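Here's the structure, in structure tokens; my notes come after.
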Amino acid sequence: MRERLGYIMLFAVQFACAVFFLYDIVANLLGLRVRPISWQLYELIELGAGLGLVIGVVVTARLLVLSVRRQRKAEADLRLASGAFMAVLEERFDQWGLTPAERDVALFSVKGLSVAEIAALRNTSAGTVKAQSAAIYRKAGVSGRAQLLSHLIDELMGEALPGLTVVEEPLDKAG
């Protein structure tokens, strides 16, 4: 909060400095009469306004550098999270015993592709993709795509949501 107040104050000083310079130029151009002040005081005001603008530029440059660093860190964290998610996917795919074709379909499903899009990418029919999806859901112990994705996200987060039960063992057709 204190840092934010400092930035607001810095912005106010910069704004006042810019207004001073702009007013001075406009007043000279339009020939507006202003109450005369001593040239020493005027020079001190100009010096203060210029100094305020320079300080503003330095602080802005620092904030820009910090912002770029934060963005790079966030991107690196996102890459790590993406890698962790892929590791969770591979681990679950192995645990569920998915075939290579089912792995592809599961991955495309998790990425949000439709059945038709998956079929086109895999050069197969939509019916085949639906059958493979049903096998994936059965092996994962979930009822559909949304629950599959929720289960995988819960795995990544480290704990399942309360009230959501996911069967880890393949379901028996008779039971």
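Quick note on naming: the chains in the structure tokens go A, B, ... in the order shown, residues restart at 1 in each chain, and ligands are numbered from 1 in order of appearance.
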
Can you tell me, as a list in words, what residues are no more than 9 Å from range 46-63 of chain A when counting only C-alpha atoms, ignoring any on the same chain fewer than 3 positions away?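 Contacts, with the query itself left out: Tyr7, Leu10, Phe11, Val13, Gln14, Phe15, Ala16, Cys17, Ala18, Phe20, Phe21, Leu41, Tyr42, Glu43, Leu66, Ser67 and Val68 of chain A.
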
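Ranking A:Tyr137, A:Trp39, A:Tyr23, A:Phe108 by their shortest atom-to-atom distance to Trp96 in chain A, with only C-alpha atoms included, puts A:Tyr137 first.
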
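By only C-alpha atoms, and with residues fewer than 2 positions from range 125-132 of chain A along its chain excluded, the set lying at most 8 Å from it is Ala101, Glu102, Val105, Val115, Ala116, Ile118, Ala119, Ala120, Asn123, Ala134, Ala135 and Ile136 of chain A.
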
Take the residues from that selection and put them in a file with C-alpha atoms, as a CSV table (one decimal), in the first residue's frame.
```csv
chain,number,residue,atom,x,y,z
A,101,ALA,CA,-4.6,-44.0,-30.1
A,102,GLU,CA,-6.5,-43.5,-26.9
A,105,VAL,CA,-7.7,-38.8,-28.3
A,115,VAL,CA,-14.9,-35.0,-31.8
A,116,ALA,CA,-15.0,-33.9,-35.4
A,118,ILE,CA,-10.0,-35.0,-33.4
A,119,ALA,CA,-11.3,-37.3,-36.1
A,120,ALA,CA,-9.9,-35.0,-38.8
A,123,ASN,CA,-7.7,-39.3,-40.2
A,134,ALA,CA,-15.8,-43.9,-24.1
A,135,ALA,CA,-13.0,-46.4,-23.5
A,136,ILE,CA,-10.9,-43.5,-22.0
```

Quick one: DSSP helix (DSSP H, G or I) residues in range 43-164 of chain A, as a PyMOL selection string? chain A and resi 43-96+100-110+115-122+126-140+145-157

Spatial neighbours of range 110-112 of chain A, 8 Å, only C-alpha atoms, chain gap at least 6 places, as a ChimeraX atom specification: /A:145,148-149

Report the distance between CA of Leu152 in chain A and CA of Asp77 in chain A in Å, rounded to one decimal place. 18.7 Å

Please, what distance in Å, to one decimal, runs between CA of Val26 in chain A and CA of Ile8 in chain A? 26.4 Å

Which of these residues is nearest to Ala106 in chain A, using only C-alpha atoms: A:Ala146, A:Leu30, A:Ala81, A:Thr124?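 Going through A:Ala146, A:Leu30, A:Ala81, A:Thr124 one by one, the smallest distance to Ala106 in chain A is for A:Ala146.
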
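Interatomic distance, CA of Lys139 in chain A to CA of His151 in chain A: 12.9 Å.
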